[in-house]
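A.B. asks: Hey, dropping coords.tsv in here, TSV, C-alpha atoms:
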```tsv
chain	number	residue	atom	x	y	z
A	1	MET	CA	-18.67	6.75	38.52
A	2	GLN	CA	-20.22	3.93	36.48
A	3	LEU	CA	-18.44	3.22	33.19
A	4	LEU	CA	-21.02	2.98	30.43
A	5	ASN	CA	-18.79	2.81	27.38
A	6	GLU	CA	-15.12	2.40	26.50
A	7	LYS	CA	-12.86	1.93	23.52
A	8	PRO	CA	-13.00	-1.64	22.19
A	9	LYS	CA	-9.89	-3.68	22.95
A	10	SER	CA	-9.85	-4.71	19.29
A	11	LEU	CA	-9.11	-1.11	18.27
A	12	LEU	CA	-5.67	0.40	18.72
A	13	ASP	CA	-5.40	3.77	20.47
A	14	VAL	CA	-4.34	5.83	17.44
A	15	GLN	CA	-5.90	8.75	15.60
A	16	MET	CA	-7.72	7.75	12.41
A	17	HIS	CA	-7.07	9.46	9.09
A	18	TYR	CA	-10.63	9.46	7.79
A	19	CYS	CA	-12.32	12.69	6.70
A	20	PRO	CA	-14.91	14.37	8.97
A	21	GLY	CA	-18.31	12.76	8.41
A	22	CYS	CA	-16.92	9.57	6.87
A	23	GLY	CA	-18.55	6.34	8.00
A	24	HIS	CA	-15.42	4.18	8.03
A	25	GLY	CA	-14.54	5.08	11.61
A	26	ILE	CA	-17.99	4.01	12.78
A	27	VAL	CA	-17.75	0.72	10.92
A	28	HIS	CA	-14.27	0.10	12.36
A	29	ARG	CA	-15.63	0.47	15.87
A	30	LEU	CA	-18.54	-1.89	15.16
A	31	VAL	CA	-16.22	-4.57	13.79
A	32	ALA	CA	-13.97	-4.17	16.86
A	33	GLU	CA	-16.93	-4.37	19.26
A	34	ALA	CA	-18.11	-7.56	17.57
A	35	MET	CA	-14.65	-9.11	17.92
A	36	ASP	CA	-14.55	-8.18	21.61
A	37	GLU	CA	-18.04	-9.48	22.40
A	38	LEU	CA	-17.46	-12.76	20.56
A	39	ASN	CA	-13.99	-13.12	22.12
A	40	ILE	CA	-12.35	-13.85	18.77
A	41	ARG	CA	-9.67	-11.14	18.56
A	42	GLU	CA	-6.73	-13.47	19.24
A	43	LYS	CA	-7.62	-15.70	16.30
A	44	THR	CA	-8.93	-13.07	13.87
A	45	ILE	CA	-7.08	-12.09	10.69
A	46	GLY	CA	-8.30	-9.14	8.64
A	47	VAL	CA	-7.55	-8.19	5.05
A	48	ALA	CA	-7.25	-4.45	4.37
A	49	PRO	CA	-8.08	-3.26	0.84
A	50	VAL	CA	-6.79	-0.60	-1.47
A	51	GLY	CA	-8.94	2.47	-0.97
A	52	CYS	CA	-9.76	4.87	1.84
A	53	SER	CA	-9.48	2.04	4.37
A	54	VAL	CA	-6.08	0.88	3.10
A	55	PHE	CA	-4.66	1.73	6.54
A	56	ALA	CA	-7.18	-0.42	8.42
A	57	ASP	CA	-4.24	-2.46	9.67
A	58	HIS	CA	-3.17	0.63	11.65
A	59	TYR	CA	-6.39	0.55	13.66
A	60	PHE	CA	-7.49	-3.04	14.28
A	61	ASN	CA	-5.76	-4.81	17.16
A	62	CYS	CA	-5.61	-8.16	15.40
A	63	ASP	CA	-3.45	-9.72	12.71
A	64	MET	CA	-3.92	-7.85	9.43
A	65	ILE	CA	-2.60	-8.08	5.89
A	66	GLN	CA	-2.84	-5.61	3.03
A	67	GLY	CA	-3.78	-6.96	-0.36
A	68	ALA	CA	-3.73	-5.78	-3.94
A	69	HIS	CA	-6.74	-3.82	-5.16
A	70	GLY	CA	-9.87	-6.00	-5.16
A	71	ARG	CA	-8.08	-9.20	-4.16
A	72	GLY	CA	-9.31	-9.30	-0.56
A	73	PRO	CA	-11.59	-12.35	-0.98
A	74	ALA	CA	-8.82	-14.31	-2.73
A	75	ILE	CA	-6.32	-13.50	0.02
A	76	ALA	CA	-8.89	-14.25	2.71
A	77	THR	CA	-9.62	-17.58	1.04
A	78	GLY	CA	-5.95	-18.54	1.16
A	79	ILE	CA	-5.68	-17.59	4.84
A	80	LYS	CA	-8.84	-19.43	5.84
A	81	ARG	CA	-7.92	-22.59	3.96
A	82	SER	CA	-4.39	-22.53	5.38
A	83	ILE	CA	-5.52	-21.77	8.95
A	84	PRO	CA	-9.11	-23.07	9.10
A	85	GLU	CA	-9.42	-22.41	12.85
A	86	SER	CA	-8.88	-18.68	12.29
A	87	ILE	CA	-11.63	-16.08	11.87
A	88	VAL	CA	-10.99	-14.16	8.65
A	89	PHE	CA	-12.64	-10.98	7.44
A	90	SER	CA	-12.14	-8.91	4.30
A	91	TYR	CA	-12.88	-5.19	4.68
A	92	GLN	CA	-13.68	-3.56	1.31
A	93	GLY	CA	-15.10	-0.45	-0.33
A	94	ASP	CA	-17.34	-0.33	-3.40
A	95	GLY	CA	-14.56	0.46	-5.88
A	96	ASP	CA	-12.42	-2.31	-4.42
A	97	LEU	CA	-15.15	-4.95	-4.19
A	98	ALA	CA	-17.63	-4.13	-6.95
A	99	SER	CA	-15.21	-2.98	-9.67
A	100	ILE	CA	-11.71	-4.44	-9.89
A	101	GLY	CA	-12.59	-7.10	-7.31
A	102	MET	CA	-15.92	-8.24	-8.76
A	103	GLY	CA	-14.48	-11.53	-9.98
A	104	GLU	CA	-12.95	-12.33	-6.60
A	105	ILE	CA	-16.08	-11.59	-4.58
A	106	ILE	CA	-18.41	-13.53	-6.86
A	107	HIS	CA	-16.26	-16.65	-6.99
A	108	ALA	CA	-15.47	-16.63	-3.25
A	109	ALA	CA	-19.21	-16.40	-2.61
A	110	ALA	CA	-20.03	-19.08	-5.18
A	111	ARG	CA	-17.52	-21.44	-3.57
A	112	GLY	CA	-19.10	-20.82	-0.17
A	113	GLU	CA	-15.80	-19.79	1.39
A	114	LYS	CA	-16.24	-19.56	5.16
A	115	LEU	CA	-15.43	-15.86	5.30
A	116	THR	CA	-16.89	-12.63	6.66
A	117	VAL	CA	-16.92	-9.71	4.23
A	118	ILE	CA	-17.53	-6.14	5.42
A	119	PHE	CA	-18.50	-4.08	2.37
A	120	VAL	CA	-18.65	-0.29	2.84
A	121	ASN	CA	-20.71	1.30	0.06
A	122	ASN	CA	-20.40	5.09	-0.24
A	123	ALA	CA	-21.27	5.11	-3.95
A	124	ILE	CA	-18.02	6.71	-5.09
A	125	TYR	CA	-14.26	6.22	-5.29
A	126	GLY	CA	-12.95	8.04	-2.23
A	127	MET	CA	-9.18	7.73	-1.99
A	128	THR	CA	-8.47	8.41	-5.66
A	129	GLY	CA	-10.48	11.63	-5.90
A	130	GLY	CA	-14.19	11.00	-6.39
A	131	GLN	CA	-14.53	9.01	-9.62
A	132	MET	CA	-17.73	7.17	-10.51
A	133	ALA	CA	-18.00	3.75	-8.87
A	134	PRO	CA	-20.12	0.73	-9.82
A	135	THR	CA	-22.52	1.84	-7.07
A	136	THR	CA	-22.76	5.53	-8.05
A	137	LEU	CA	-26.42	6.54	-8.30
A	138	ILE	CA	-28.12	7.68	-11.50
A	139	GLY	CA	-27.67	11.44	-11.71
A	140	GLN	CA	-25.00	11.48	-9.00
A	141	LYS	CA	-22.03	13.61	-10.01
A	142	ALA	CA	-18.44	12.38	-9.93
A	143	THR	CA	-15.18	13.50	-11.45
A	144	THR	CA	-15.64	11.02	-14.31
A	145	CYS	CA	-19.31	11.92	-14.88
A	146	VAL	CA	-19.47	15.63	-14.13
A	147	ASP	CA	-23.08	15.95	-15.31
A	148	GLY	CA	-24.21	12.95	-13.27
A	149	ARG	CA	-24.29	9.24	-14.00
A	150	ASN	CA	-26.14	8.57	-17.23
A	151	PRO	CA	-27.46	5.00	-17.57
A	152	GLU	CA	-27.24	5.13	-21.38
A	153	ILE	CA	-23.51	5.82	-21.10
A	154	ASN	CA	-22.50	4.39	-17.73
A	155	GLY	CA	-25.08	1.72	-17.04
A	156	PHE	CA	-26.91	1.27	-13.75
A	157	PRO	CA	-25.69	0.89	-10.15
A	158	ILE	CA	-24.82	-2.66	-9.13
A	159	ARG	CA	-26.75	-4.05	-6.18
A	160	VAL	CA	-24.20	-6.37	-4.61
A	161	CYS	CA	-26.30	-7.97	-1.85
A	162	GLU	CA	-29.14	-8.82	-4.19
A	163	MET	CA	-26.72	-10.35	-6.70
A	164	LEU	CA	-24.71	-12.41	-4.21
A	165	ALA	CA	-27.85	-13.63	-2.46
A	166	THR	CA	-28.65	-15.70	-5.58
A	167	LEU	CA	-25.52	-17.81	-5.10
A	168	ASP	CA	-25.80	-21.14	-3.28
A	169	GLY	CA	-22.55	-20.63	-1.36
A	170	VAL	CA	-23.85	-17.53	0.44
A	171	VAL	CA	-25.45	-18.17	3.83
A	172	TYR	CA	-25.98	-14.57	4.87
A	173	ALA	CA	-26.29	-11.25	3.04
A	174	GLU	CA	-27.60	-8.11	4.70
A	175	ARG	CA	-27.49	-4.41	3.85
A	176	THR	CA	-27.47	-1.82	6.63
A	177	SER	CA	-26.25	1.78	7.07
A	178	VAL	CA	-24.44	4.05	9.51
A	179	HIS	CA	-26.23	7.31	8.71
A	180	ASN	CA	-28.36	7.26	11.86
A	181	VAL	CA	-28.55	5.55	15.26
A	182	ALA	CA	-30.95	2.83	14.12
A	183	GLY	CA	-28.68	2.01	11.19
A	184	VAL	CA	-25.61	1.81	13.41
A	185	VAL	CA	-27.38	-0.63	15.76
A	186	LYS	CA	-28.51	-2.82	12.86
A	187	SER	CA	-25.01	-2.71	11.38
A	188	LYS	CA	-23.51	-3.90	14.67
A	189	ASN	CA	-25.96	-6.80	14.86
A	190	ALA	CA	-25.34	-7.77	11.24
A	191	ILE	CA	-21.55	-7.74	11.64
A	192	LYS	CA	-21.82	-9.85	14.75
A	193	LYS	CA	-24.11	-12.29	12.94
A	194	ALA	CA	-21.66	-12.57	10.04
A	195	PHE	CA	-18.81	-13.39	12.43
A	196	GLN	CA	-21.01	-15.86	14.32
A	197	ASN	CA	-21.71	-17.71	11.08
A	198	GLN	CA	-17.98	-18.18	10.60
A	199	ILE	CA	-17.53	-19.32	14.19
A	200	GLU	CA	-20.17	-21.97	13.47
A	201	ASN	CA	-18.29	-22.99	10.30
A	202	LYS	CA	-21.06	-21.95	7.95
A	203	GLY	CA	-20.54	-20.52	4.48
A	204	PHE	CA	-19.95	-17.08	3.04
A	205	SER	CA	-21.38	-14.01	4.83
A	206	ILE	CA	-21.45	-10.40	3.61
A	207	VAL	CA	-22.62	-7.22	5.31
A	208	GLU	CA	-23.02	-4.24	3.00
A	209	ILE	CA	-23.03	-0.94	4.89
A	210	LEU	CA	-24.21	2.32	3.31
A	211	SER	CA	-21.86	5.08	4.34
A	212	MET	CA	-21.26	8.81	3.86
A	213	CYS	CA	-18.49	10.51	1.86
A	214	PRO	CA	-18.91	14.29	2.35
A	215	THR	CA	-15.47	15.01	0.85
A	216	ASN	CA	-16.19	13.47	-2.55
A	217	TRP	CA	-19.95	13.95	-2.84
A	218	GLY	CA	-19.51	17.57	-3.94
A	219	THR	CA	-20.03	21.00	-2.44
A	220	ARG	CA	-23.77	20.57	-1.96
A	221	LEU	CA	-23.23	17.55	0.27
A	222	ASP	CA	-19.89	18.38	1.88
A	223	ASN	CA	-21.61	19.08	5.20
A	224	PRO	CA	-21.82	15.86	7.24
A	225	SER	CA	-25.48	16.46	8.11
A	226	GLU	CA	-26.34	16.88	4.41
A	227	ALA	CA	-24.40	13.72	3.64
A	228	THR	CA	-26.43	11.66	6.12
A	229	LYS	CA	-29.59	13.13	4.59
A	230	TYR	CA	-28.38	12.01	1.15
A	231	VAL	CA	-28.13	8.45	2.43
A	232	SER	CA	-31.64	8.52	3.88
A	233	GLU	CA	-33.27	10.32	0.95
A	234	SER	CA	-31.40	8.91	-2.04
A	235	MET	CA	-29.14	5.92	-1.36
A	236	VAL	CA	-31.68	3.79	0.51
A	237	LYS	CA	-34.10	4.06	-2.42
A	238	ILE	CA	-31.58	2.39	-4.73
A	239	PHE	CA	-29.96	0.18	-2.08
A	240	PRO	CA	-32.78	-0.76	0.33
A	241	PRO	CA	-31.47	-1.99	3.70
A	242	GLY	CA	-32.59	-5.44	4.75
A	243	ILE	CA	-31.70	-9.11	4.97
A	244	TYR	CA	-31.38	-10.56	1.49
A	245	LYS	CA	-30.41	-14.06	2.54
A	246	ASP	CA	-30.15	-15.86	5.87
A	247	VAL	CA	-30.19	-19.64	5.65
A	248	SER	CA	-30.45	-19.94	9.44
A	249	ALA	CA	-33.82	-18.17	9.33
A	250	LYS	CA	-35.36	-20.94	7.21
```
For the file at hand, write its structure as structure tokens.
C.D. replies:
Amino acid sequence: MQLLNEKPKSLLDVQMHYCPGCGHGIVHRLVAEAMDELNIREKTIGVAPVGCSVFADHYFNCDMIQGAHGRGPAIATGIKRSIPESIVFSYQGDGDLASIGMGEIIHAAARGEKLTVIFVNNAIYGMTGGQMAPTTLIGQKATTCVDGRNPEINGFPIRVCEMLATLDGVVYAERTSVHNVAGVVKSKNAIKKAFQNQIENKGFSIVEILSMCPTNWGTRLDNPSEATKYVSESMVKIFPPGIYKDVSAK
């Protein structure tokens, strides 16, 4: 029998803790596949955040370190500058990166740190119980805005890729999704591109990936199929997928 697919060697053979319908498991596999195909696992060091993916070090078969909430880019910077031949990635959610870690991500990008950042945007705080995040959509309900996000009270969602793309230190910024097959394929290619930029000693690369959170999106969207529909019908309107900066394309 011909083997068409197998578990990436860069993923450990353990059961993941993520909720049914969550996109983190998909993103983990894509990161692992990219490491395998680029043959970089032995020299890769990942930084796990605080959030739903805090246990990412349990799953990736490479050196990993856990950091304080939002400090992934700062830790990754220290690792990369100390061991410049290593391949370093920071894996972060929207609460981790776009809230408490906003200072770290902006300044790492502005400095052009030669890092790869995987940013999973599910528009809500997942691990801590469904609070409003910087990326929560207008009208989207959360435990801290039970009637839906109100821009007059809570402001507007932050578009991270568009913002970071304005910084000179950023060489690559792309937004993708994992809510359908086409999005998964594009996410895989983007992650691989972001790692390749680091292999070639270029500057800062970020891949923002729109993901599902059926558990914390409320009873109307707690079915995984409804959650994927929410991404396609609502999230992509506010966070349009696409390449926002790619200096190699110029």
A.B. asks: What is the atom CA of Val27 of chain A-atom CA of Ile209 of chain A distance in Å, reported with one decimal?
C.D. replies: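 Atom-to-atom, atom CA of Val27 of chain A to atom CA of Ile209 of chain A, that is 8.2 Å.
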A.B. asks: I need the residue nearest Gly155 of chain A from this list: A:Ile79, A:Ala142, A:Arg41, A:Thr135. Use all atoms listed in the file for the distance.
C.D. replies: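 Among the listed residues, the smallest separation from Gly155 of chain A belongs to A:Thr135.
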A.B. asks: May I have the residues within 8 Å of Ser177 of chain A as a compact mmCIF listing (two decimals) with C-alpha atoms, keeping the file's coordinate frame, using only C-alpha atoms and disregarding those fewer than 3 positions away in the same chain?
C.D. replies:
```txt
# COMPACT_ATOMS: atom_id res chain seq x y z
CA ASN A 180 -28.36 7.26 11.86
CA GLY A 183 -28.68 2.01 11.19
CA VAL A 184 -25.61 1.81 13.41
CA LYS A 186 -28.51 -2.82 12.86
CA SER A 187 -25.01 -2.71 11.38
CA GLU A 208 -23.02 -4.24 3.00
CA ILE A 209 -23.03 -0.94 4.89
CA LEU A 210 -24.21 2.32 3.31
CA SER A 211 -21.86 5.08 4.34
CA PRO A 241 -31.47 -1.99 3.70
```
A.B. asks: Quick one: of A:His24, A:Gly78, A:Arg71, A:His58, who's nearest to Gly101 of chain A, counting all atoms listed in the file?
C.D. replies: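 Among the listed residues, the smallest separation from Gly101 of chain A belongs to A:Arg71.
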A.B. asks: For atom CA of Tyr230 of chain A and atom CA of Thr215 of chain A, determine how far apart the two atoms are, in Å to one decimal place.
C.D. replies: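 That distance, rounded to one decimal, is 13.3 Å.
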A.B. asks: So for segment 71-74 of chain A, what box centre and size do we get, axis-aligned, 3 Å extra on each of the six sides, every listed atom, Å to one decimal, as lines of an AutoDock Vina configuration file?
C.D. replies:
```
center_x = -9.8
center_y = -11.8
center_z = -2.4
size_x = 9.5
size_y = 11.1
size_z = 9.6
```
A.B. asks: Which is closer to Pro134 of chain A than all the others in A:Phe119, A:Ile87, A:Asp147, A:Asp94, using only C-alpha atoms?
C.D. replies: A:Asp94
A.B. asks: Using all atoms listed in the file, which of the listed residues (A:Tyr172, A:Tyr18, A:Tyr125, A:Tyr59) sits closest to Glu113 of chain A?
C.D. replies: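 When distances to Glu113 of chain A are compared using all atoms listed in the file, the smallest one comes from A:Tyr172.
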A.B. asks: Ranking A:Arg159, A:Lys7, A:His28, A:Lys202 by minimum distance to Lys114 of chain A and counting only C-alpha atoms, which one comes first?
C.D. replies: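 Nearest candidate to Lys114 of chain A out of A:Arg159, A:Lys7, A:His28, A:Lys202: A:Lys202.
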A.B. asks: Go through A:Asp57, A:Lys245, A:Val160, A:Thr143 and flag the residue nearest Gly93 of chain A, using all atoms listed in the file for the distances.
C.D. replies: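 Going through A:Asp57, A:Lys245, A:Val160, A:Thr143 one by one, the smallest distance to Gly93 of chain A is for A:Val160.
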A.B. asks: Hey, what's within 10 Å of Asp36 of chain A if we count all atoms listed in the file and toss same-chain stuff fewer than 6 positions away? As a ChimeraX atom specification, please?
C.D. replies: /A:8-11,30,42
A.B. asks: Please fill the gaps in segment 179-211 of chain A so it has N, CA and C atoms, and write that as a tab-separated table (two decimals), in the frame of the given file.
C.D. replies:
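Below you can see out-v4.tsv, which holds the result:
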```
chain	number	residue	atom	x	y	z
A	179	HIS	N	-25.87	5.90	8.82
A	179	HIS	CA	-26.23	7.31	8.71
A	179	HIS	C	-27.11	7.80	9.86
A	180	ASN	N	-27.59	6.87	10.68
A	180	ASN	CA	-28.36	7.26	11.86
A	180	ASN	C	-28.19	6.19	12.94
A	181	VAL	N	-28.74	6.45	14.12
A	181	VAL	CA	-28.55	5.55	15.26
A	181	VAL	C	-29.12	4.17	14.97
A	182	ALA	N	-30.32	4.13	14.41
A	182	ALA	CA	-30.95	2.83	14.12
A	182	ALA	C	-30.10	2.03	13.14
A	183	GLY	N	-29.53	2.70	12.15
A	183	GLY	CA	-28.68	2.01	11.19
A	183	GLY	C	-27.42	1.48	11.82
A	184	VAL	N	-26.83	2.25	12.73
A	184	VAL	CA	-25.61	1.81	13.41
A	184	VAL	C	-25.90	0.55	14.24
A	185	VAL	N	-27.02	0.54	14.95
A	185	VAL	CA	-27.38	-0.63	15.76
A	185	VAL	C	-27.58	-1.86	14.88
A	186	LYS	N	-28.29	-1.69	13.77
A	186	LYS	CA	-28.51	-2.82	12.86
A	186	LYS	C	-27.19	-3.29	12.23
A	187	SER	N	-26.31	-2.34	11.94
A	187	SER	CA	-25.01	-2.71	11.38
A	187	SER	C	-24.21	-3.55	12.37
A	188	LYS	N	-24.23	-3.15	13.62
A	188	LYS	CA	-23.51	-3.90	14.67
A	188	LYS	C	-24.05	-5.33	14.75
A	189	ASN	N	-25.36	-5.47	14.77
A	189	ASN	CA	-25.96	-6.80	14.86
A	189	ASN	C	-25.63	-7.66	13.64
A	190	ALA	N	-25.63	-7.02	12.47
A	190	ALA	CA	-25.34	-7.77	11.24
A	190	ALA	C	-23.88	-8.24	11.20
A	191	ILE	N	-22.97	-7.36	11.60
A	191	ILE	CA	-21.55	-7.74	11.64
A	191	ILE	C	-21.33	-8.88	12.60
A	192	LYS	N	-21.96	-8.79	13.74
A	192	LYS	CA	-21.82	-9.85	14.75
A	192	LYS	C	-22.38	-11.17	14.23
A	193	LYS	N	-23.50	-11.10	13.54
A	193	LYS	CA	-24.11	-12.29	12.94
A	193	LYS	C	-23.17	-12.91	11.90
A	194	ALA	N	-22.54	-12.07	11.08
A	194	ALA	CA	-21.66	-12.57	10.04
A	194	ALA	C	-20.44	-13.27	10.65
A	195	PHE	N	-19.91	-12.72	11.74
A	195	PHE	CA	-18.81	-13.39	12.43
A	195	PHE	C	-19.29	-14.69	13.08
A	196	GLN	N	-20.48	-14.66	13.66
A	196	GLN	CA	-21.01	-15.86	14.32
A	196	GLN	C	-21.17	-17.00	13.32
A	197	ASN	N	-21.60	-16.68	12.12
A	197	ASN	CA	-21.71	-17.71	11.08
A	197	ASN	C	-20.37	-18.39	10.82
A	198	GLN	N	-19.31	-17.60	10.83
A	198	GLN	CA	-17.98	-18.18	10.60
A	198	GLN	C	-17.54	-19.02	11.80
A	199	ILE	N	-17.84	-18.54	12.99
A	199	ILE	CA	-17.53	-19.32	14.19
A	199	ILE	C	-18.20	-20.69	14.12
A	200	GLU	N	-19.41	-20.72	13.58
A	200	GLU	CA	-20.17	-21.97	13.47
A	200	GLU	C	-19.84	-22.74	12.19
A	201	ASN	N	-18.80	-22.29	11.48
A	201	ASN	CA	-18.29	-22.99	10.30
A	201	ASN	C	-19.31	-23.07	9.17
A	202	LYS	N	-20.11	-22.02	9.05
A	202	LYS	CA	-21.06	-21.95	7.95
A	202	LYS	C	-20.37	-21.34	6.74
A	203	GLY	N	-21.13	-21.02	5.71
A	203	GLY	CA	-20.54	-20.52	4.48
A	203	GLY	C	-20.28	-19.03	4.47
A	204	PHE	N	-20.34	-18.46	3.31
A	204	PHE	CA	-19.95	-17.08	3.04
A	204	PHE	C	-20.98	-16.08	3.59
A	205	SER	N	-20.51	-15.05	4.30
A	205	SER	CA	-21.38	-14.01	4.83
A	205	SER	C	-20.89	-12.64	4.39
A	206	ILE	N	-21.81	-11.77	4.00
A	206	ILE	CA	-21.45	-10.40	3.61
A	206	ILE	C	-22.40	-9.41	4.26
A	207	VAL	N	-21.83	-8.33	4.78
A	207	VAL	CA	-22.62	-7.22	5.31
A	207	VAL	C	-22.25	-5.99	4.50
A	208	GLU	N	-23.22	-5.47	3.77
A	208	GLU	CA	-23.02	-4.24	3.00
A	208	GLU	C	-23.53	-3.07	3.84
A	209	ILE	N	-22.69	-2.05	4.02
A	209	ILE	CA	-23.03	-0.94	4.89
A	209	ILE	C	-23.00	0.36	4.10
A	210	LEU	N	-24.15	1.03	3.99
A	210	LEU	CA	-24.21	2.32	3.31
A	210	LEU	C	-23.55	3.36	4.19
A	211	SER	N	-22.66	4.15	3.58
A	211	SER	CA	-21.86	5.08	4.34
A	211	SER	C	-21.80	6.44	3.64
```
